$ cat structure.txt   # compact mmCIF, C-alpha atoms and all ligand atoms
# COMPACT_ATOMS: atom_id res chain seq x y z
CA MET D 1 152.06 111.09 120.39
CA THR D 2 148.29 111.34 120.46
CA ASP D 3 146.08 114.15 121.75
CA ALA D 4 143.37 111.87 123.08
CA LEU D 5 143.24 108.30 124.26
CA VAL D 6 139.93 106.43 124.44
CA ILE D 7 140.06 103.15 126.35
CA GLY D 8 137.20 100.81 125.46
CA GLY D 9 135.89 100.44 121.91
CA GLY D 10 132.19 99.92 122.66
CA PRO D 11 129.47 102.37 121.61
CA ALA D 12 130.36 104.90 124.36
CA GLY D 13 134.07 104.89 123.52
CA LEU D 14 133.56 105.09 119.77
CA MET D 15 131.17 108.02 120.19
CA ALA D 16 133.72 109.82 122.42
CA ALA D 17 136.43 109.13 119.82
CA GLU D 18 134.28 110.63 117.05
CA MET D 19 133.63 113.81 119.04
CA LEU D 20 137.35 114.20 119.71
CA ALA D 21 138.25 113.59 116.06
CA ASP D 22 135.56 116.03 114.90
CA ALA D 23 137.14 118.65 117.15
CA GLY D 24 140.39 118.17 115.24
CA HIS D 25 142.30 116.08 117.77
CA SER D 26 144.36 112.98 117.05
CA VAL D 27 142.73 109.96 118.74
CA LEU D 28 143.84 106.48 119.69
CA VAL D 29 141.18 103.93 120.72
CA ALA D 30 142.57 100.98 122.68
CA ASP D 31 140.58 97.87 123.59
CA ALA D 32 141.56 94.71 125.46
CA LYS D 33 139.74 92.44 123.02
CA PRO D 34 140.96 91.39 119.57
CA THR D 35 138.19 93.47 117.92
CA MET D 36 136.08 96.50 118.80
CA GLY D 37 132.42 96.59 119.83
CA ARG D 38 131.89 92.96 120.78
CA LYS D 39 128.97 93.64 123.11
CA LEU D 40 127.36 95.86 120.50
CA LEU D 41 127.56 92.95 118.07
CA MET D 42 125.95 90.70 120.68
CA ALA D 43 123.17 93.26 121.18
CA GLY D 44 122.66 92.97 117.42
CA LYS D 45 121.79 89.30 117.78
CA SER D 46 118.46 90.31 119.25
CA GLY D 47 117.87 92.93 116.55
CA LEU D 48 119.78 95.91 118.03
CA ASN D 49 117.20 98.04 119.76
CA LEU D 50 118.89 101.43 119.34
CA THR D 51 116.49 103.71 121.19
CA LYS D 52 112.81 104.24 121.87
CA ASN D 53 110.36 106.61 120.21
CA GLN D 54 108.01 107.65 122.96
CA GLU D 55 106.69 110.63 124.84
CA TYR D 56 109.48 112.74 126.47
CA GLU D 57 108.42 112.12 130.09
CA LEU D 58 108.15 108.38 129.66
CA PHE D 59 111.51 108.22 127.92
CA MET D 60 113.33 110.21 130.59
CA SER D 61 111.64 108.43 133.49
CA ALA D 62 113.13 105.14 132.26
CA TYR D 63 116.47 106.36 133.67
CA GLY D 64 115.01 106.33 137.21
CA ASP D 65 117.23 107.84 139.89
CA ALA D 66 119.86 108.83 137.32
CA ARG D 67 117.38 110.89 135.28
CA GLN D 68 118.41 114.29 136.61
CA TRP D 69 122.06 113.52 135.96
CA LEU D 70 121.63 112.12 132.47
CA GLU D 71 118.77 114.29 131.21
CA PRO D 72 120.89 117.13 129.74
CA MET D 73 123.05 114.56 127.91
CA LEU D 74 120.00 112.64 126.68
CA GLU D 75 118.41 115.86 125.47
CA ALA D 76 121.57 116.65 123.56
CA PHE D 77 121.60 113.18 121.97
CA ASN D 78 117.98 112.13 122.01
CA PRO D 79 116.12 109.28 120.27
CA SER D 80 115.79 111.30 117.09
CA ASP D 81 119.56 112.02 117.09
CA VAL D 82 120.25 108.30 117.56
CA GLN D 83 118.13 107.55 114.49
CA ASP D 84 119.91 110.22 112.44
CA TRP D 85 123.25 108.83 113.58
CA ALA D 86 122.33 105.28 112.51
CA GLU D 87 121.00 106.52 109.17
CA GLY D 88 124.19 108.55 108.74
CA LEU D 89 126.01 105.24 108.92
CA GLY D 90 123.85 103.87 106.11
CA GLN D 91 121.49 101.98 108.41
CA LYS D 92 117.84 102.71 107.71
CA VAL D 93 115.83 102.37 110.91
CA PHE D 94 112.24 101.48 111.68
CA THR D 95 110.05 101.82 114.74
CA GLY D 96 108.60 98.53 115.89
CA SER D 97 105.97 97.70 118.43
CA SER D 98 105.86 99.92 121.52
CA GLY D 99 108.20 102.48 119.95
CA ARG D 100 111.37 100.39 119.89
CA VAL D 101 113.73 101.52 117.13
CA PHE D 102 115.83 98.99 115.18
CA PRO D 103 118.06 99.12 112.11
CA GLU D 104 116.31 97.43 109.17
CA ALA D 105 119.26 95.02 108.99
CA MET D 106 118.28 93.88 112.54
CA LYS D 107 121.94 93.39 113.40
CA ALA D 108 124.93 95.48 114.45
CA SER D 109 127.69 94.34 112.10
CA PRO D 110 126.98 96.67 109.11
CA LEU D 111 126.56 99.65 111.45
CA LEU D 112 129.76 98.88 113.38
CA ARG D 113 131.72 98.29 110.15
CA ALA D 114 130.55 101.61 108.71
CA TRP D 115 131.29 103.42 111.96
CA LEU D 116 134.83 102.05 112.29
CA GLY D 117 135.41 102.97 108.63
CA ARG D 118 134.18 106.50 109.17
CA LEU D 119 136.40 106.88 112.24
CA GLN D 120 139.43 105.61 110.33
CA GLY D 121 138.64 108.21 107.68
CA LYS D 122 138.90 110.82 110.44
CA ASN D 123 142.36 109.48 111.38
CA VAL D 124 141.24 107.71 114.52
CA ARG D 125 143.75 104.90 115.19
CA PHE D 126 142.84 101.59 116.84
CA GLN D 127 144.85 99.23 119.01
CA THR D 128 143.33 95.87 119.91
CA GLY D 129 144.56 93.41 122.52
CA TRP D 130 145.65 96.36 124.66
CA ARG D 131 144.50 95.90 128.25
CA TRP D 132 144.63 99.04 130.35
CA GLN D 133 146.31 98.48 133.72
CA GLY D 134 146.21 101.94 135.27
CA PHE D 135 148.09 105.21 135.19
CA ASN D 136 151.61 106.23 136.04
CA ALA D 137 151.08 109.97 136.54
CA LYS D 138 149.68 111.08 133.12
CA GLU D 139 150.74 107.89 131.34
CA ALA D 140 148.19 105.16 130.65
CA LEU D 141 149.77 101.73 131.02
CA PHE D 142 148.80 98.72 128.90
CA ASP D 143 149.58 95.04 128.65
CA THR D 144 149.73 94.26 124.95
CA PRO D 145 150.58 91.16 122.91
CA ASP D 146 154.00 92.78 122.30
CA GLY D 147 154.66 93.57 125.95
CA PRO D 148 153.97 96.64 128.09
CA GLU D 149 153.09 99.90 126.35
CA SER D 150 152.37 103.35 127.66
CA VAL D 151 150.57 106.33 126.14
CA ALA D 152 150.75 109.91 127.43
CA PRO D 153 147.74 111.72 125.95
CA LYS D 154 146.45 115.17 126.81
CA ALA D 155 143.08 113.66 127.77
CA THR D 156 141.77 110.14 128.31
CA VAL D 157 138.21 108.84 128.03
CA LEU D 158 137.50 105.61 129.88
CA ALA D 159 134.55 103.72 128.36
CA LEU D 160 135.16 100.29 129.86
CA GLY D 161 131.60 98.96 130.03
CA GLY D 162 129.75 97.27 132.89
CA ALA D 163 130.42 93.96 134.60
CA SER D 164 128.47 91.36 132.64
CA TRP D 165 129.30 89.15 129.65
CA ALA D 166 133.01 89.25 130.59
CA ARG D 167 133.89 87.24 127.50
CA LEU D 168 132.86 90.22 125.37
CA GLY D 169 135.29 92.48 127.27
CA SER D 170 133.13 94.13 129.91
CA ASP D 171 134.51 92.28 132.92
CA GLY D 172 134.41 95.14 135.45
CA ARG D 173 138.06 94.56 136.37
CA TRP D 174 138.67 98.28 135.94
CA ALA D 175 136.79 98.83 139.23
CA ASP D 176 139.85 97.80 141.29
CA ILE D 177 142.07 100.18 139.31
CA LEU D 178 139.72 103.14 139.82
CA THR D 179 139.12 102.33 143.49
CA GLY D 180 142.91 102.30 143.91
CA LEU D 181 142.96 105.77 142.36
CA GLY D 182 140.47 107.01 144.97
CA VAL D 183 137.44 107.16 142.66
CA GLU D 184 134.06 106.62 144.33
CA LEU D 185 132.25 103.61 142.87
CA ALA D 186 128.83 102.13 143.60
CA PRO D 187 128.94 98.32 143.83
CA PHE D 188 127.95 96.49 140.64
CA LYS D 189 124.48 94.95 140.59
CA SER D 190 122.83 92.87 137.87
CA ALA D 191 120.30 94.75 135.76
CA ASN D 192 117.94 93.39 133.12
CA MET D 193 118.53 89.84 134.26
CA GLY D 194 116.63 86.61 134.68
CA PHE D 195 115.87 84.96 138.02
CA LEU D 196 116.36 81.52 139.43
CA VAL D 197 113.18 79.47 140.00
CA GLU D 198 113.22 75.92 141.32
CA TRP D 199 110.78 74.34 138.89
CA SER D 200 109.35 70.88 139.38
CA GLY D 201 109.99 68.28 136.68
CA HIS D 202 106.55 69.06 135.19
CA MET D 203 107.83 72.32 133.78
CA ALA D 204 110.50 70.73 131.55
CA PRO D 205 108.29 70.59 128.39
CA HIS D 206 107.79 74.35 128.67
CA PHE D 207 111.44 75.45 128.84
CA GLY D 208 112.10 78.03 126.17
CA VAL D 209 108.39 78.77 125.75
CA PRO D 210 107.20 82.39 125.86
CA VAL D 211 104.29 83.00 128.22
CA LYS D 212 102.04 85.75 126.81
CA PRO D 213 100.28 87.94 127.33
CA VAL D 214 100.77 88.33 131.06
CA ARG D 215 100.97 91.13 133.58
CA LEU D 216 103.76 90.70 136.10
CA SER D 217 103.73 92.65 139.32
CA PHE D 218 105.85 93.26 142.32
CA GLY D 219 104.99 95.87 144.94
CA LYS D 220 103.61 98.93 143.18
CA GLN D 221 105.20 98.07 139.85
CA SER D 222 103.58 96.02 137.15
CA VAL D 223 104.34 95.32 133.53
CA TYR D 224 102.27 93.92 130.67
CA GLY D 225 104.15 91.75 128.20
CA GLU D 226 105.72 88.33 128.00
CA PHE D 227 108.46 86.26 129.57
CA VAL D 228 110.19 82.96 128.91
CA ILE D 229 110.33 79.93 131.18
CA SER D 230 113.86 78.55 131.15
CA LYS D 231 115.47 75.51 132.69
CA LYS D 232 116.89 77.67 135.43
CA GLY D 233 114.03 80.07 135.96
CA VAL D 234 112.50 83.02 134.15
CA GLU D 235 113.86 85.59 131.71
CA GLY D 236 112.72 87.87 128.88
CA GLY D 237 111.28 91.34 128.36
CA ALA D 238 108.68 91.67 131.11
CA ILE D 239 111.01 90.10 133.68
CA TYR D 240 113.83 92.48 132.72
CA THR D 241 111.52 95.48 133.07
CA LEU D 242 110.63 94.42 136.59
CA SER D 243 114.10 93.13 137.43
CA SER D 244 115.51 96.12 139.32
CA ALA D 245 112.46 96.19 141.65
CA LEU D 246 112.63 92.41 142.13
CA ARG D 247 116.39 92.60 142.76
CA ASP D 248 116.02 95.35 145.34
CA GLY D 249 113.13 93.51 147.03
CA MET D 250 115.05 90.22 147.43
CA GLY D 251 114.96 88.68 150.88
CA GLU D 252 116.80 85.62 152.17
CA ASP D 253 114.18 83.31 150.68
CA GLY D 254 113.92 85.27 147.45
CA VAL D 255 110.95 87.28 146.35
CA GLU D 256 107.38 86.58 145.25
CA MET D 257 106.29 87.90 141.87
CA LEU D 258 102.61 87.86 140.94
CA VAL D 259 101.55 86.76 137.48
CA ASP D 260 98.24 87.75 135.92
CA LEU D 261 97.69 84.93 133.45
CA LEU D 262 94.68 86.68 131.85
CA PRO D 263 95.60 90.37 131.83
CA ASP D 264 93.03 91.28 129.17
CA LEU D 265 90.10 89.82 131.13
CA PRO D 266 88.92 91.95 134.06
CA MET D 267 88.26 90.14 137.32
CA PRO D 268 84.41 90.34 137.28
CA ALA D 269 84.21 89.01 133.71
CA LEU D 270 86.63 86.23 134.56
CA ALA D 271 84.74 85.25 137.71
CA ALA D 272 81.49 85.21 135.70
CA LYS D 273 82.98 82.78 133.17
CA LEU D 274 84.27 80.56 135.95
CA ARG D 275 80.81 80.38 137.54
CA ARG D 276 79.80 77.93 134.83
CA GLU D 277 78.99 74.39 135.94
CA ARG D 278 82.19 72.30 135.90
CA GLY D 279 80.45 68.90 135.89
CA LYS D 280 82.94 66.06 135.60
CA LEU D 281 85.66 68.19 134.00
CA SER D 282 89.05 68.24 135.71
CA LEU D 283 90.17 71.70 136.83
CA GLY D 284 92.70 71.79 133.98
CA ASN D 285 90.08 70.98 131.33
CA PHE D 286 87.63 73.40 132.87
CA LEU D 287 90.18 76.27 132.70
CA ARG D 288 91.09 75.35 129.14
CA LYS D 289 87.47 75.31 127.98
CA THR D 290 86.22 78.35 129.86
CA VAL D 291 89.14 80.78 129.72
CA GLY D 292 91.70 79.21 127.38
CA ILE D 293 94.40 78.45 129.96
CA THR D 294 96.65 75.93 128.19
CA GLY D 295 100.32 74.98 127.71
CA ALA D 296 102.85 76.97 129.69
CA LYS D 297 100.16 79.02 131.43
CA ALA D 298 98.42 75.85 132.62
CA ALA D 299 101.75 74.41 133.76
CA LEU D 300 102.53 77.59 135.71
CA PHE D 301 99.12 77.42 137.35
CA ASN D 302 99.62 73.77 138.32
CA GLU D 303 103.09 74.50 139.62
CA HIS D 304 101.52 76.43 142.49
CA GLU D 305 100.02 73.77 144.74
CA PRO D 306 97.38 75.93 146.48
CA ALA D 307 96.05 76.95 143.05
CA ARG D 308 95.14 73.34 142.27
CA LYS D 309 92.93 73.20 145.34
CA VAL D 310 90.71 76.24 144.88
CA ASP D 311 87.27 75.68 143.38
CA ASN D 312 85.21 78.71 144.35
CA PRO D 313 84.92 80.77 141.09
CA PHE D 314 85.93 84.01 142.71
CA ASP D 315 89.01 82.54 144.44
CA LEU D 316 89.92 80.75 141.22
CA ALA D 317 89.70 84.00 139.28
CA GLY D 318 91.85 85.65 141.96
CA MET D 319 94.45 82.92 141.61
CA LEU D 320 94.55 83.28 137.81
CA LYS D 321 94.97 87.05 138.16
CA ARG D 322 97.55 86.93 140.98
CA LEU D 323 99.46 83.68 140.69
CA PRO D 324 102.52 83.78 142.96
CA VAL D 325 105.85 82.63 141.53
CA ARG D 326 108.79 82.51 143.94
CA LEU D 327 112.03 83.79 142.47
CA LYS D 328 114.95 82.45 144.49
CA ALA D 329 117.72 84.80 143.37
CA PRO D 330 118.89 86.84 140.38
CA ARG D 331 120.79 84.77 137.80
CA PRO D 332 124.58 85.29 137.99
CA MET D 333 125.72 88.82 137.14
CA ASP D 334 127.74 87.70 134.14
CA GLU D 335 124.50 86.64 132.41
CA ALA D 336 122.79 90.01 132.93
CA ILE D 337 122.11 92.21 129.90
CA SER D 338 123.60 95.14 131.82
CA THR D 339 124.82 96.18 135.24
CA ALA D 340 124.02 98.97 137.65
CA GLY D 341 126.75 100.52 139.77
CA GLY D 342 130.08 101.94 138.71
CA VAL D 343 131.55 105.44 138.71
CA MET D 344 129.28 107.65 140.83
CA GLN D 345 127.98 111.03 139.77
CA ASN D 346 129.77 112.54 142.81
CA ALA D 347 133.11 111.43 141.44
CA LEU D 348 132.60 113.39 138.20
CA ASN D 349 132.07 116.96 137.09
CA GLU D 350 129.35 117.92 134.60
CA GLY D 351 131.61 117.05 131.69
CA LEU D 352 132.07 113.53 133.11
CA MET D 353 135.70 114.28 134.11
CA LEU D 354 136.94 112.54 137.27
CA LYS D 355 137.24 115.14 140.00
CA ALA D 356 140.24 113.24 141.39
CA HIS D 357 142.02 113.00 138.00
CA SER D 358 141.84 115.99 135.75
CA GLY D 359 141.98 115.06 132.10
CA VAL D 360 140.35 111.63 132.66
CA PHE D 361 136.71 111.29 131.57
CA CYS D 362 134.26 108.36 131.93
CA ALA D 363 131.30 107.29 129.79
CA GLY D 364 128.82 104.54 129.06
CA GLU D 365 127.72 101.62 131.14
CA MET D 366 130.66 102.02 133.53
CA LEU D 367 128.83 105.02 135.03
CA ASP D 368 126.42 104.41 137.92
CA TRP D 369 123.05 104.36 136.14
CA GLU D 370 120.67 101.73 134.94
CA ALA D 371 117.68 101.55 132.62
CA PRO D 372 115.41 98.82 131.31
CA THR D 373 115.90 97.19 127.94
CA GLY D 374 114.12 99.00 125.13
CA GLY D 375 116.98 100.98 123.58
CA TYR D 376 117.56 103.10 126.68
CA LEU D 377 120.93 101.47 127.34
CA LEU D 378 122.48 102.22 123.96
CA ASN D 379 120.96 105.70 123.87
CA GLY D 380 122.47 106.35 127.32
CA CYS D 381 125.89 105.00 126.31
CA LEU D 382 125.96 107.07 123.10
CA ALA D 383 124.80 110.23 124.90
CA THR D 384 127.36 109.93 127.72
CA GLY D 385 130.09 108.99 125.23
CA ARG D 386 129.26 112.11 123.26
CA GLN D 387 129.34 114.27 126.38
CA ALA D 388 132.70 112.85 127.56
CA GLY D 389 134.20 113.25 124.07
CA ILE D 390 133.10 116.88 123.73
CA ALA D 391 134.27 117.74 127.25
CA ALA D 392 137.62 116.01 126.67
CA ALA D 393 138.04 117.94 123.40
CA ASP D 394 137.35 121.23 125.24
CA TYR D 395 139.83 120.24 127.92
CA ILE D 396 142.59 119.65 125.36
CA ARG D 397 141.79 122.96 123.64
CA GLU D 398 141.98 124.81 126.96
CA ILE D 399 145.32 123.33 128.01
CA LYS D 400 146.72 124.25 124.59
CA LEU D 401 145.78 127.93 125.10
C1 LIG K 1 122.75 89.99 124.95
C2 LIG K 1 122.71 91.51 125.02
C3 LIG K 1 121.76 92.19 124.27
C4 LIG K 1 121.70 93.59 124.38
N1 LIG K 1 120.78 94.24 123.62
C5 LIG K 1 120.66 95.58 123.72
C6 LIG K 1 119.73 96.30 122.92
O1 LIG K 1 119.07 95.73 122.03
N2 LIG K 1 119.60 97.65 123.11
C7 LIG K 1 120.35 98.31 124.05
O2 LIG K 1 120.16 99.52 124.22
N3 LIG K 1 121.31 97.67 124.76
C8 LIG K 1 121.48 96.33 124.62
N4 LIG K 1 122.43 95.69 125.34
C9 LIG K 1 123.32 96.47 126.25
C10 LIG K 1 124.42 97.22 125.47
O3 LIG K 1 125.04 96.36 124.55
C11 LIG K 1 125.46 97.79 126.45
O4 LIG K 1 124.80 98.59 127.41
C12 LIG K 1 126.50 98.65 125.71
O5 LIG K 1 127.24 97.86 124.79
C13 LIG K 1 127.48 99.28 126.70
O6 LIG K 1 128.33 100.13 125.95
P1 LIG K 1 129.71 100.64 126.54
O7 LIG K 1 130.41 101.30 125.40
O8 LIG K 1 129.49 101.40 127.78
O9 LIG K 1 130.48 99.32 126.98
P2 LIG K 1 130.84 97.99 126.15
O10 LIG K 1 130.06 97.89 124.91
O11 LIG K 1 130.75 96.90 127.15
O12 LIG K 1 132.37 98.25 125.74
C14 LIG K 1 133.37 98.30 126.72
C15 LIG K 1 134.69 97.99 126.04
O13 LIG K 1 135.75 98.21 126.98
C16 LIG K 1 136.73 97.22 126.80
N5 LIG K 1 137.51 97.09 128.04
C17 LIG K 1 137.05 96.74 129.28
N6 LIG K 1 138.08 96.75 130.15
C18 LIG K 1 139.19 97.11 129.47
C19 LIG K 1 140.56 97.33 129.82
N7 LIG K 1 141.02 97.18 131.08
N8 LIG K 1 141.44 97.72 128.85
C20 LIG K 1 141.01 97.91 127.56
N9 LIG K 1 139.73 97.72 127.17
C21 LIG K 1 138.84 97.33 128.12
C22 LIG K 1 135.94 95.98 126.46
O14 LIG K 1 136.73 95.02 125.77
C23 LIG K 1 134.80 96.54 125.61
O15 LIG K 1 135.08 96.48 124.23
C24 LIG K 1 122.57 94.31 125.24
C25 LIG K 1 123.54 93.59 125.96
C26 LIG K 1 123.61 92.21 125.86
C27 LIG K 1 124.67 91.47 126.65
$ encode --input "structure.txt" --output "structure tokens"
Amino acid sequence: MTDALVIGGGPAGLMAAEMLADAGHSVLVADAKPTMGRKLLMAGKSGLNLTKNQEYELFMSAYGDARQWLEPMLEAFNPSDVQDWAEGLGQKVFTGSSGRVFPEAMKASPLLRAWLGRLQGKNVRFQTGWRWQGFNAKEALFDTPDGPESVAPKATVLALGGASWARLGSDGRWADILTGLGVELAPFKSANMGFLVEWSGHMAPHFGVPVKPVRLSFGKQSVYGEFVISKKGVEGGAIYTLSSALRDGMGEDGVEMLVDLLPDLPMPALAAKLRRERGKLSLGNFLRKTVGITGAKAALFNEHEPARKVDNPFDLAGMLKRLPVRLKAPRPMDEAISTAGGVMQNALNEGLMLKAHSGVFCAGEMLDWEAPTGGYLLNGCLATGRQAGIAAADYIREIKL
């Protein structure tokens, strides 16, 4: 018999489990995979960006439409709390460029190991290989390596993740179960993903190469940074930041993103440089000598046929500042860093309990919110996990009274 059941052993579930254990409840964490926190470990491969140190308004606005919903939870577990939490697990943190916060170890395994150890010390029990299949009244039903199991807790926290990187556990299959239970879900959409571009053969030498600095724009949004040209298209930081706008702007023939290849050079200064006599220089050599367009940037420029034909300095400057790149479609959802969609705010009360199922709480990426990369995702998962755990603990206390 356990007071609380947490299904999903990612950052949101583990945080909920800790809150429940701290409130004095017995907790079982069950996960379908053979080990806990697989996606967290994967996030560690790129350094584990835990949160972002930046001005309050900028931080909160990263959560877009979900800001109002998440803000109280993010205030209660804010970037400084995330840093204290990581340090409490023996992981010194540092703030890198643009405020991104990382553990000094630049990976997740020591943090996850310490966290699981601390939870075990608080009598949290773990079951791996347990795949949740749904409820039978108050009983949670599992397929396990030893056959079917059921658990009848006083409260359950679902922290089942989004719908990308299925091999790490977050396969989104829980959506059918919750829909069957009458829970309102927003359809999954890729978030923080790359896009398909049909490159010509000339681009092959530049696959894997970062293009920087650039300013990418679409509609009213623009972002300064870098991206990577890949065999199948484009990916990387600046693309991910713009990805939700690009995704929502997709038409049948894709979407056109504009690339400023020389974001640090204002248009008049650039046009002045390009007014120089070209003589016998090819356009490529002229751009290399006058404004340093080489390598992947030169290849991108050449990839756009009309760009190769302009010779008026002002038009040329315009093309370098607003080079169109056609993105055909988002890369498949399973490759996305995260997903939007999931359990809608309407389906939950303020404590993240399902209105349709009292005693069942939801947290983490399975909720209908999205944010860019930059530590916002983990901060959001930890904050909602904390909220669900505290609310579930209160719920158990109240039913005991
Ligand atoms: C390559 C990559 C890099 C990333 N880097 C960063 C980063 O640097 N910073 C950042 O903020 N975010 C990053 N993220 C995103 C971040 O890892 C996720 O947003 C976060 O792990 C989501 O946490 P969660 O607890 O909600 O879900 P998850 O971590 O996905 O955990 C969900 C768990 O639920 C389990 N589960 C699912 N269905 C069932 C079921 N039916 N029964 C039992 N168990 C089930 C899964 O096995 C899984 O363990 C990255 C993601 C990827 C893929």
$ residues_around --input "structure.txt" --residues "Ser97 in chain D" --least-positions-apart "2" --cutoff "12 Å" --atoms "all atoms listed in the file" --output "MDAnalysis selection string"
chainID D and resid 49 52:54 94:95 99:102 225 374
$ residues_near_ligand --input "structure.txt" --ligand "ligand LIG 1 (chain K)" --cutoff "7 Å" --atoms "only C-alpha atoms and all ligand atoms" --output "VMD selection string"
chain D and resid 7 to 13 30 to 33 36 to 40 42 to 44 46 to 51 130 to 133 159 to 162 165 168 to 174 336 to 338 363 to 366 373 to 379 381
$ residues_near_point --input "structure.txt" --point "(142.5, 111.9, 116.8)" --cutoff "8 Å" --atoms "only C-alpha atoms" --output "list in words"
Thr2, Asp3, Ala4, Ala17, Leu20, Ala21, Gly24, His25, Ser26, Val27, Leu28, Lys122, Asn123, Val124 and Arg125 of chain D
$ closest_residue --input "structure.txt" --among "D:Pro72, D:Pro213, D:Gly233, D:Pro330" --to "Gly249 in chain D" --atoms "all atoms listed in the file"
D:Pro330
$ closest_residue --input "structure.txt" --among "D:Ala347, D:Leu116, D:Val259, D:Ala296" --to "Leu320 in chain D" --atoms "only C-alpha atoms"
D:Val259
$ residues_near_point --input "structure.txt" --point "(150.1, 102.5, 134.9)" --cutoff "12 Å" --atoms "all atoms listed in the file" --output "PyMOL selection string"
chain D and resi 131-143+148-152+177-178+180-181
$ residues_around --input "structure.txt" --residues "Ala356 in chain D" --least-positions-apart "3" --cutoff "9 Å" --atoms "all atoms listed in the file" --output "list in words"
Leu181, Gly182, Val183, Ala347, Leu348, Met353 and Val360 of chain D
$ residues_around --input "structure.txt" --residues "range 77-82 of chain D" --least-positions-apart "3" --cutoff "6 Å" --atoms "only C-alpha atoms" --output "VMD selection string"
chain D and resid 51 74 85 383
$ atom_distance --input "structure.txt" --atom1 "CA of Leu382 in chain D" --atom2 "CA of Asp334 in chain D"
22.4 Å
$ closest_residue --input "structure.txt" --among "D:Lys297, D:Lys45, D:Lys321, D:Lys280" --to "Met267 in chain D" --atoms "only C-alpha atoms"
D:Lys321
$ atom_distance --input "structure.txt" --atom1 "CA of Leu316 in chain D" --atom2 "CA of Pro263 in chain D"
14.6 Å
$ residues_around --input "structure.txt" --residues "Arg247 in chain D" --least-positions-apart "3" --cutoff "8 Å" --atoms "only C-alpha atoms" --output "JSON, numbers by chain"
{"D": [243, 244, 250, 329, 330]}
$ residues_around --input "structure.txt" --residues "range 86-89 of chain D" --least-positions-apart "2" --cutoff "9 Å" --atoms "only C-alpha atoms" --output "number ranges by chain"
D: 50, 81-84, 91-93, 103, 110-112, 114-115, 118
$ atom_distance --input "structure.txt" --atom1 "CA of Arg215 in chain D" --atom2 "CA of Phe227 in chain D"
9.8 Å
$ closest_atom_pairs --input "structure.txt" --of "range 245-335 of chain D" --to "range 216-224 of chain D" --cutoff "12 Å" --atoms "all atoms listed in the file" --output "CSV"
residue,atom,partner,partner_atom,distance
D:Ala245,CA,D:Phe218,CA,7.3
D:Leu246,CA,D:Phe218,CA,6.8
D:Arg247,CA,D:Phe218,CA,10.6
D:Asp248,CA,D:Phe218,CA,10.8
D:Gly249,CA,D:Phe218,CA,8.7
D:Met250,CA,D:Phe218,CA,11.0
D:Val255,CA,D:Phe218,CA,8.8
D:Glu256,CA,D:Phe218,CA,7.5
D:Met257,CA,D:Phe218,CA,5.4
D:Leu258,CA,D:Ser217,CA,5.2
D:Val259,CA,D:Leu216,CA,4.7
D:Asp260,CA,D:Leu216,CA,6.3
D:Leu261,CA,D:Leu216,CA,8.8
D:Leu262,CA,D:Tyr224,CA,10.6
D:Pro263,CA,D:Tyr224,CA,7.6
D:Asp264,CA,D:Tyr224,CA,9.7
D:Leu320,CA,D:Leu216,CA,12.0
D:Lys321,CA,D:Leu216,CA,9.7
D:Arg322,CA,D:Ser217,CA,8.6
D:Leu323,CA,D:Leu216,CA,9.4
D:Pro324,CA,D:Ser217,CA,9.7
D:Val325,CA,D:Leu216,CA,9.9
D:Arg326,CA,D:Phe218,CA,11.3
D:Leu327,CA,D:Phe218,CA,11.3
$ build_atoms --input "structure.txt" --residues "range 49-58 of chain D" --atoms "N, CA and C atoms" --output "PDB file, in the coordinates of the input"
ATOM      1  N   ASN D  49     118.176  97.006 119.393  1.00  0.00           N
ATOM      2  CA  ASN D  49     117.200  98.040 119.760  1.00  0.00           C
ATOM      3  C   ASN D  49     117.982  99.306 120.135  1.00  0.00           C
ATOM      4  N   LEU D  50     117.988 100.275 119.213  1.00  0.00           N
ATOM      5  CA  LEU D  50     118.890 101.430 119.340  1.00  0.00           C
ATOM      6  C   LEU D  50     118.388 102.495 120.304  1.00  0.00           C
ATOM      7  N   THR D  51     117.070 102.693 120.317  1.00  0.00           N
ATOM      8  CA  THR D  51     116.490 103.710 121.190  1.00  0.00           C
ATOM      9  C   THR D  51     114.984 103.477 121.220  1.00  0.00           C
ATOM     10  N   LYS D  52     114.258 104.416 121.806  1.00  0.00           N
ATOM     11  CA  LYS D  52     112.810 104.240 121.870  1.00  0.00           C
ATOM     12  C   LYS D  52     112.110 105.544 121.506  1.00  0.00           C
ATOM     13  N   ASN D  53     111.185 105.459 120.564  1.00  0.00           N
ATOM     14  CA  ASN D  53     110.360 106.610 120.210  1.00  0.00           C
ATOM     15  C   ASN D  53     109.167 106.632 121.134  1.00  0.00           C
ATOM     16  N   GLN D  54     109.167 107.553 122.071  1.00  0.00           N
ATOM     17  CA  GLN D  54     108.010 107.650 122.960  1.00  0.00           C
ATOM     18  C   GLN D  54     107.958 109.051 123.548  1.00  0.00           C
ATOM     19  N   GLU D  55     106.910 109.317 124.252  1.00  0.00           N
ATOM     20  CA  GLU D  55     106.690 110.630 124.840  1.00  0.00           C
ATOM     21  C   GLU D  55     107.867 110.980 125.773  1.00  0.00           C
ATOM     22  N   TYR D  56     108.280 112.268 125.751  1.00  0.00           N
ATOM     23  CA  TYR D  56     109.480 112.740 126.470  1.00  0.00           C
ATOM     24  C   TYR D  56     109.532 112.254 127.919  1.00  0.00           C
ATOM     25  N   GLU D  57     108.430 112.454 128.660  1.00  0.00           N
ATOM     26  CA  GLU D  57     108.420 112.120 130.090  1.00  0.00           C
ATOM     27  C   GLU D  57     108.677 110.633 130.312  1.00  0.00           C
ATOM     28  N   LEU D  58     108.002 109.830 129.494  1.00  0.00           N
ATOM     29  CA  LEU D  58     108.150 108.380 129.660  1.00  0.00           C
ATOM     30  C   LEU D  58     109.581 107.960 129.357  1.00  0.00           C
TER      31      LEU D  58
END
